[in-house]
Each structure stands twice: as C-alpha cells, then as structure tokens.
$ cat upload30.pdb   # PDB, C-alpha atoms
ATOM      1  CA  MET C   1      92.543 113.955 155.254
ATOM      2  CA  ILE C   2      92.190 113.643 159.005
ATOM      3  CA  LEU C   3      94.728 110.983 159.894
ATOM      4  CA  LYS C   4      93.855 108.159 162.259
ATOM      5  CA  GLU C   5      96.530 109.289 164.718
ATOM      6  CA  GLN C   6      94.924 112.765 164.844
ATOM      7  CA  ILE C   7      91.632 111.326 166.139
ATOM      8  CA  ALA C   8      90.925 110.495 169.757
ATOM      9  CA  ALA C   9      87.969 108.455 170.976
ATOM     10  CA  VAL C  10      86.517 110.081 174.090
ATOM     11  CA  HIS C  11      84.600 107.624 176.278
ATOM     12  CA  GLN C  12      81.986 108.250 178.956
ATOM     13  CA  GLY C  13      83.743 108.322 182.283
ATOM     14  CA  SER C  14      87.019 109.596 180.854
ATOM     15  CA  SER C  15      88.334 112.979 181.957
ATOM     16  CA  GLY C  16      87.720 114.556 178.532
ATOM     17  CA  TYR C  17      84.047 113.559 178.342
ATOM     18  CA  PRO C  18      81.900 116.675 178.993
ATOM     19  CA  GLN C  19      79.419 116.282 181.838
ATOM     20  CA  THR C  20      77.044 118.533 179.879
ATOM     21  CA  LEU C  21      76.386 115.662 177.446
ATOM     22  CA  LEU C  22      75.203 113.417 180.264
ATOM     23  CA  THR C  23      73.210 116.198 181.887
ATOM     24  CA  ALA C  24      71.455 117.226 178.668
ATOM     25  CA  LEU C  25      71.017 113.848 176.972
ATOM     26  CA  GLY C  26      70.860 111.411 179.885
ATOM     27  CA  THR C  27      70.723 107.838 178.647
ATOM     28  CA  ASP C  28      70.773 109.127 175.033
ATOM     29  CA  ALA C  29      74.283 110.541 175.511
ATOM     30  CA  PRO C  30      76.788 108.807 173.253
ATOM     31  CA  THR C  31      78.970 106.265 175.041
ATOM     32  CA  GLU C  32      81.855 107.735 173.064
ATOM     33  CA  PHE C  33      82.590 110.413 170.507
ATOM     34  CA  TRP C  34      85.537 111.129 168.256
ATOM     35  CA  ALA C  35      87.625 114.299 168.291
ATOM     36  CA  ALA C  36      90.375 115.799 166.149
ATOM     37  CA  GLY C  37      91.945 118.996 167.415
ATOM     38  CA  PRO C  38      92.297 120.767 170.764
ATOM     39  CA  LEU C  39      89.923 118.987 173.186
ATOM     40  CA  GLU C  40      90.626 121.587 175.878
ATOM     41  CA  VAL C  41      88.308 123.919 173.933
ATOM     42  CA  LEU C  42      85.447 121.942 175.507
ATOM     43  CA  ASP C  43      86.456 123.405 178.891
ATOM     44  CA  GLN C  44      85.426 126.893 177.726
ATOM     45  CA  PRO C  45      81.927 128.424 177.257
ATOM     46  CA  ARG C  46      80.390 127.539 173.888
ATOM     47  CA  THR C  47      77.609 129.054 171.809
ATOM     48  CA  GLY C  48      75.702 126.663 169.558
ATOM     49  CA  PHE C  49      74.855 127.860 166.064
ATOM     50  CA  PHE C  50      71.932 126.760 163.903
ATOM     51  CA  CYS C  51      70.379 128.440 160.865
ATOM     52  CA  SER C  52      67.771 127.163 158.429
ATOM     53  CA  SER C  53      68.993 126.770 154.872
ATOM     54  CA  GLN C  54      66.639 129.413 153.470
ATOM     55  CA  CYS C  55      67.660 132.477 155.469
ATOM     56  CA  PRO C  56      65.759 135.633 154.401
ATOM     57  CA  GLY C  57      67.909 138.314 152.801
ATOM     58  CA  SER C  58      66.861 140.782 155.491
ATOM     59  CA  LEU C  59      68.679 138.646 158.085
ATOM     60  CA  VAL C  60      71.855 137.827 156.160
ATOM     61  CA  LEU C  61      73.789 141.037 156.904
ATOM     62  CA  LYS C  62      72.582 141.111 160.520
ATOM     63  CA  THR C  63      73.754 137.518 160.918
ATOM     64  CA  PHE C  64      77.156 138.288 159.414
ATOM     65  CA  ASP C  65      77.470 141.299 161.744
ATOM     66  CA  ALA C  66      76.531 139.164 164.755
ATOM     67  CA  ILE C  67      78.975 136.386 163.802
ATOM     68  CA  THR C  68      81.735 138.945 163.234
ATOM     69  CA  ARG C  69      81.081 140.471 166.640
ATOM     70  CA  MET C  70      81.132 137.047 168.319
ATOM     71  CA  ARG C  71      84.369 136.210 166.513
ATOM     72  CA  ASP C  72      86.003 139.500 167.479
ATOM     73  CA  GLU C  73      84.969 138.958 171.115
ATOM     74  CA  GLY C  74      86.633 135.532 171.033
ATOM     75  CA  GLN C  75      83.419 133.570 171.569
ATOM     76  CA  ILE C  76      83.644 129.878 170.719
ATOM     77  CA  LEU C  77      80.897 128.678 168.402
ATOM     78  CA  ILE C  78      79.910 125.057 167.860
ATOM     79  CA  GLY C  79      77.780 123.830 164.989
ATOM     80  CA  GLY C  80      77.378 121.554 162.030
ATOM     81  CA  PHE C  81      77.951 124.436 159.610
ATOM     82  CA  HIS C  82      76.034 122.514 156.957
ATOM     83  CA  SER C  83      73.566 125.007 155.448
ATOM     84  CA  VAL C  84      74.930 127.628 153.059
ATOM     85  CA  MET C  85      74.405 130.370 155.647
ATOM     86  CA  GLU C  86      76.124 128.323 158.357
ATOM     87  CA  TRP C  87      79.077 127.595 156.049
ATOM     88  CA  GLU C  88      79.452 131.294 155.200
ATOM     89  CA  CYS C  89      79.475 132.078 158.918
ATOM     90  CA  LEU C  90      82.127 129.412 159.496
ATOM     91  CA  GLY C  91      84.296 131.247 156.950
ATOM     92  CA  ILE C  92      83.905 134.452 158.979
ATOM     93  CA  LEU C  93      84.762 132.636 162.201
ATOM     94  CA  LEU C  94      87.864 131.039 160.691
ATOM     95  CA  ARG C  95      89.250 134.506 159.943
ATOM     96  CA  GLY C  96      89.473 135.159 163.688
ATOM     97  CA  ARG C  97      91.829 133.885 166.374
ATOM     98  CA  GLN C  98      89.352 132.058 168.602
ATOM     99  CA  PRO C  99      88.730 128.300 168.435
ATOM    100  CA  VAL C 100      85.763 126.948 166.474
ATOM    101  CA  ILE C 101      84.061 123.581 166.954
ATOM    102  CA  TRP C 102      82.707 121.818 163.863
ATOM    103  CA  VAL C 103      80.445 118.778 164.203
ATOM    104  CA  PRO C 104      79.723 117.152 160.833
ATOM    105  CA  ALA C 105      76.749 114.780 160.566
ATOM    106  CA  ARG C 106      79.010 111.788 159.829
ATOM    107  CA  SER C 107      82.128 110.079 161.088
ATOM    108  CA  ILE C 108      85.370 112.042 160.952
ATOM    109  CA  VAL C 109      87.540 108.941 160.522
ATOM    110  CA  GLY C 110      89.168 109.224 157.084
ATOM    111  CA  MET C 111      87.387 112.513 156.361
ATOM    112  CA  HIS C 112      88.983 114.858 153.828
ATOM    113  CA  LEU C 113      89.007 118.467 154.986
ATOM    114  CA  LYS C 114      88.050 121.239 152.611
ATOM    115  CA  PRO C 115      91.066 123.471 151.874
ATOM    116  CA  GLU C 116      89.575 126.434 153.747
ATOM    117  CA  LEU C 117      89.515 124.398 156.987
ATOM    118  CA  ILE C 118      93.118 123.164 156.894
ATOM    119  CA  PRO C 119      94.910 126.331 158.139
ATOM    120  CA  ALA C 120      92.700 126.587 161.263
ATOM    121  CA  PHE C 121      92.958 122.846 161.892
ATOM    122  CA  ASN C 122      96.743 122.881 161.544
ATOM    123  CA  ALA C 123      96.943 125.949 163.820
ATOM    124  CA  GLY C 124      95.006 124.130 166.557
ATOM    125  CA  ARG C 125      91.982 126.457 166.303
ATOM    126  CA  LEU C 126      89.512 123.977 164.797
ATOM    127  CA  LEU C 127      88.152 121.174 166.949
ATOM    128  CA  ILE C 128      86.234 118.599 164.934
ATOM    129  CA  LEU C 129      83.847 116.335 166.829
ATOM    130  CA  SER C 130      81.603 113.466 165.815
ATOM    131  CA  PRO C 131      79.317 111.246 167.872
ATOM    132  CA  PHE C 132      79.243 108.779 164.952
ATOM    133  CA  PRO C 133      81.345 105.625 164.529
ATOM    134  CA  PRO C 134      83.691 105.137 161.558
ATOM    135  CA  LYS C 135      81.062 103.219 159.540
ATOM    136  CA  GLU C 136      78.890 106.384 159.225
ATOM    137  CA  LYS C 137      80.585 107.963 156.198
ATOM    138  CA  ARG C 138      77.534 109.613 154.606
ATOM    139  CA  ILE C 139      75.360 112.427 155.918
ATOM    140  CA  THR C 140      71.719 111.458 156.451
ATOM    141  CA  ALA C 141      68.720 113.306 157.882
ATOM    142  CA  SER C 142      68.730 111.104 160.995
ATOM    143  CA  LEU C 143      72.465 111.688 161.552
ATOM    144  CA  ALA C 144      71.905 115.439 161.125
ATOM    145  CA  GLU C 145      69.186 115.359 163.800
ATOM    146  CA  ALA C 146      71.434 113.392 166.163
ATOM    147  CA  ARG C 147      74.278 115.834 165.437
ATOM    148  CA  ASN C 148      72.023 118.786 166.259
ATOM    149  CA  ARG C 149      71.076 117.225 169.611
ATOM    150  CA  PHE C 150      74.802 116.658 170.311
ATOM    151  CA  VAL C 151      75.630 120.290 169.422
ATOM    152  CA  GLY C 152      72.727 121.569 171.514
ATOM    153  CA  ALA C 153      73.827 119.468 174.482
ATOM    154  CA  LEU C 154      77.384 120.820 174.306
ATOM    155  CA  ALA C 155      76.291 124.447 173.909
ATOM    156  CA  ASP C 156      75.851 126.743 176.887
ATOM    157  CA  ARG C 157      73.531 128.930 174.825
ATOM    158  CA  VAL C 158      72.407 128.926 171.192
ATOM    159  CA  PHE C 159      72.466 131.527 168.409
ATOM    160  CA  VAL C 160      69.724 131.000 165.803
ATOM    161  CA  PRO C 161      69.428 133.827 163.266
ATOM    162  CA  HIS C 162      66.604 132.032 161.407
ATOM    163  CA  ALA C 163      64.481 128.942 162.002
ATOM    164  CA  ALA C 164      62.025 128.345 159.169
ATOM    165  CA  PRO C 165      58.493 127.195 160.056
ATOM    166  CA  ASN C 166      58.226 123.398 160.385
ATOM    167  CA  SER C 167      62.007 123.016 159.962
ATOM    168  CA  ARG C 168      64.465 120.765 161.788
ATOM    169  CA  THR C 169      66.097 123.963 163.036
ATOM    170  CA  LEU C 170      62.846 125.059 164.648
ATOM    171  CA  ALA C 171      62.381 121.583 166.146
ATOM    172  CA  ILE C 172      65.830 121.626 167.796
ATOM    173  CA  CYS C 173      65.180 125.183 169.048
ATOM    174  CA  ASP C 174      61.932 124.043 170.654
ATOM    175  CA  GLN C 175      63.735 121.119 172.333
ATOM    176  CA  LEU C 176      66.505 123.402 173.585
ATOM    177  CA  LYS C 177      64.024 125.967 174.956
ATOM    178  CA  VAL C 178      62.275 123.238 176.928
ATOM    179  CA  SER C 179      65.651 122.207 178.379
ATOM    180  CA  GLY C 180      66.254 125.804 179.507
ATOM    181  CA  LYS C 181      68.905 126.852 176.966
ATOM    182  CA  GLN C 182      69.067 130.539 176.105
ATOM    183  CA  ILE C 183      68.190 131.066 172.419
ATOM    184  CA  LEU C 184      69.557 134.254 170.820
ATOM    185  CA  ASN C 185      68.735 135.879 167.493
ATOM    186  CA  ALA C 186      70.952 138.358 165.614
ATOM    187  CA  ASP C 187      69.395 141.369 167.361
ATOM    188  CA  ASP C 188      70.104 139.807 170.764
ATOM    189  CA  VAL C 189      73.772 139.282 169.885
ATOM    190  CA  LEU C 190      74.199 142.773 168.462
ATOM    191  CA  LYS C 191      72.608 144.332 171.592
ATOM    192  CA  GLU C 192      74.791 142.413 174.071
ATOM    193  CA  ARG C 193      77.116 144.527 176.154
ATOM    194  CA  LEU C 194      80.766 144.148 175.339
TER     195      LEU C 194
END
$ encode --input "upload30.pdb" --output "structure tokens"
Amino acid sequence: MILKEQIAAVHQGSSGYPQTLLTALGTDAPTEFWAAGPLEVLDQPRTGFFCSSQCPGSLVLKTFDAITRMRDEGQILIGGFHSVMEWECLGILLRGRQPVIWVPARSIVGMHLKPELIPAFNAGRLLILSPFPPKEKRITASLAEARNRFVGALADRVFVPHAAPNSRTLAICDQLKVSGKQILNADDVLKERL
C-alpha cells in the first residue's frame, strides 16, 4: 500500500507544480495533484504513452522493440498503463534503470501496489501521480479521459503504437496534435537516431 506519508500534494503555484500543466490545460489544469515517488523526474523530458486495448498482432513486436529501445536509451515514459498492451510495456520499462511515471485513473491515496511495481517504487524509479482527490477510489471512463489529458499535458511528445478508430486513444491523439505535440508510432521510434 502507498502510505499516506509517501504521498505529497502538489499545489498550483508551488515549486514542484509543472508549468506545462498550466500551459497545456489552462483553466482546466488541476489546482493540485498527488505524487508518490521522485518528483524531480518531472524536471526531465517525458514521452507520453497511449495504446488502444486491441492492438493488432502485427504491431505488438514492433511496439515491444520500440519500448525496449526507449528504455535502453533511458527515456522517461509517462502513461496510465491500463490496457493490456500498455501494462506489458510497463513491465518492459520496469526492467530498465530509467524512471517511469505511472498515472492511474483514480486516487493514489491508500492504493495497493501490484507486486511487480514495488521494487521500482522502493528503488525510487517509479513516480506515481494522480490528479484525483482521495475520494476517487474507482476507475471510471470520465476519470480515464481526465487522466489521459493530464498525461498528454505533462508529455513533451507522445508515443502511440495503435489508436483504434473511434477510440478514446484516437480522441486524445487528435487533441494532442491540435496542441502541437509530436505523435510517434513504433516505426518513428525505431528509426530515431541514437
């Protein structure tokens, strides 16, 4: 369980509150968010990660290769890691040495961590963020959408191996494109110069 003393509330106007939230979300930026783990990770470049739940088999290996490359390069990824594909990619990221930022679509106050997350959390490599107050203990579609906007606002660029037609993933990608965020697919990541 994430203990109360491990969680910090980060308020707008405080030194730990990222300006990118205000820039990207304006008046919709949360007045506060909750964090457990190394907040200084937010001072480094971050790549957002979204993937629709039904990722075609032809993209699975490419996605794993891209995530492995990003991990090995020390890139910091931020995401909800909720879909099966996203969760598998989180497992790959946790085998690296770089920090990872996880944003569940619920409050983190009193949250029990899955066993596979505990070593990275205890080692100070997993930053867990939530824009949701303690009363939000269950994941809902509206919280997931708000979480995705939060992740997108914090990301410098976004990696999306698959966005299904008419999906929430595609909707957030469209919003992020309009805001000027760079959207990468697996081929883009694999072609990047080291």
$ residues_near_point --input "upload30.pdb" --point "(77.3, 124.5, 162.4)" --cutoff "10 Å" --atoms "all atoms listed in the file" --output "JSON list (two decimals) with C-alpha atoms, keeping the file's coordinate frame"
[["chain", "number", "residue", "atom", "x", "y", "z"],
["C", 48, "GLY", "CA", 75.70, 126.66, 169.56],
["C", 49, "PHE", "CA", 74.86, 127.86, 166.06],
["C", 50, "PHE", "CA", 71.93, 126.76, 163.90],
["C", 51, "CYS", "CA", 70.38, 128.44, 160.86],
["C", 77, "LEU", "CA", 80.90, 128.68, 168.40],
["C", 78, "ILE", "CA", 79.91, 125.06, 167.86],
["C", 79, "GLY", "CA", 77.78, 123.83, 164.99],
["C", 80, "GLY", "CA", 77.38, 121.55, 162.03],
["C", 81, "PHE", "CA", 77.95, 124.44, 159.61],
["C", 82, "HIS", "CA", 76.03, 122.51, 156.96],
["C", 83, "SER", "CA", 73.57, 125.01, 155.45],
["C", 85, "MET", "CA", 74.40, 130.37, 155.65],
["C", 86, "GLU", "CA", 76.12, 128.32, 158.36],
["C", 87, "TRP", "CA", 79.08, 127.60, 156.05],
["C", 89, "CYS", "CA", 79.47, 132.08, 158.92],
["C", 90, "LEU", "CA", 82.13, 129.41, 159.50],
["C", 100, "VAL", "CA", 85.76, 126.95, 166.47],
["C", 101, "ILE", "CA", 84.06, 123.58, 166.95],
["C", 102, "TRP", "CA", 82.71, 121.82, 163.86],
["C", 103, "VAL", "CA", 80.44, 118.78, 164.20],
["C", 104, "PRO", "CA", 79.72, 117.15, 160.83],
["C", 105, "ALA", "CA", 76.75, 114.78, 160.57],
["C", 147, "ARG", "CA", 74.28, 115.83, 165.44],
["C", 148, "ASN", "CA", 72.02, 118.79, 166.26],
["C", 151, "VAL", "CA", 75.63, 120.29, 169.42]]
$ residues_around --input "upload30.pdb" --residues "C:Ala164" --least-positions-apart "6" --cutoff "10 Å" --atoms "only C-alpha atoms" --output "ChimeraX atom specification"
/C:51-56,170-171
$ resolve_selection --input "upload30.pdb" --expression "the PyMOL selection byres ((chain C and resi 181) around 10)" --output "list in words"
Gly152, Ala153, Ala155, Asp156, Arg157, Val158, Cys173, Asp174, Gln175, Leu176, Lys177, Val178, Ser179, Gly180, Gln182, Ile183 and Leu184 of chain C
$ residues_around --input "upload30.pdb" --residues "C:Gly110" --least-positions-apart "4" --cutoff "8 Å" --atoms "all atoms listed in the file" --output "list in words"
Met1, Ile2, Leu3 and Lys4 of chain C
$ write_last_selection --input "upload30.pdb" --atoms "C-alpha atoms" --output "PDB file, keeping the file's coordinate frame"
ATOM      1  CA  MET C   1      92.543 113.955 155.254  1.00  0.00           C
ATOM      2  CA  ILE C   2      92.190 113.643 159.005  1.00  0.00           C
ATOM      3  CA  LEU C   3      94.728 110.983 159.894  1.00  0.00           C
ATOM      4  CA  LYS C   4      93.855 108.159 162.259  1.00  0.00           C
TER       5      LYS C   4
END
$ residues_around --input "upload30.pdb" --residues "C:Ile139" --least-positions-apart "3" --cutoff "9 Å" --atoms "all atoms listed in the file" --output "MDAnalysis selection string"
chainID C and resid 104:107 136 142:144
$ closest_residue --input "upload30.pdb" --among "C:Pro45, C:Pro119, C:Gly16, C:Pro30" --to "C:Pro133" --atoms "only C-alpha atoms"
C:Pro30
$ atom_distance --input "upload30.pdb" --atom1 "atom CA of C:Arg149" --atom2 "atom CA of C:Asn122"
27.5 Å
$ closest_residue --input "upload30.pdb" --among "C:Leu61, C:Gly74, C:Val84, C:Leu190" --to "C:Gln44" --atoms "all atoms listed in the file"
C:Gly74
$ closest_residue --input "upload30.pdb" --among "C:Phe159, C:Phe121, C:Ala66, C:Thr23" --to "C:Ile92" --atoms "only C-alpha atoms"
C:Ala66
$ closest_residue --input "upload30.pdb" --among "C:Ala36, C:Ala146, C:Leu93, C:Ala186" --to "C:Leu113" --atoms "all atoms listed in the file"
C:Ala36
$ atom_distance --input "upload30.pdb" --atom1 "atom CA of C:Pro161" --atom2 "atom CA of C:Gly57"
11.5 Å
$ atom_distance --input "upload30.pdb" --atom1 "atom CA of C:Val10" --atom2 "atom CA of C:Gly91"
27.3 Å
$ closest_residue --input "upload30.pdb" --among "C:Thr47, C:Phe33, C:Asn185, C:Leu21" --to "C:Pro134" --atoms "all atoms listed in the file"
C:Phe33
$ closest_residue --input "upload30.pdb" --among "C:Ile128, C:Asp187, C:Asn166, C:Thr27" --to "C:Ala8" --atoms "all atoms listed in the file"
C:Ile128
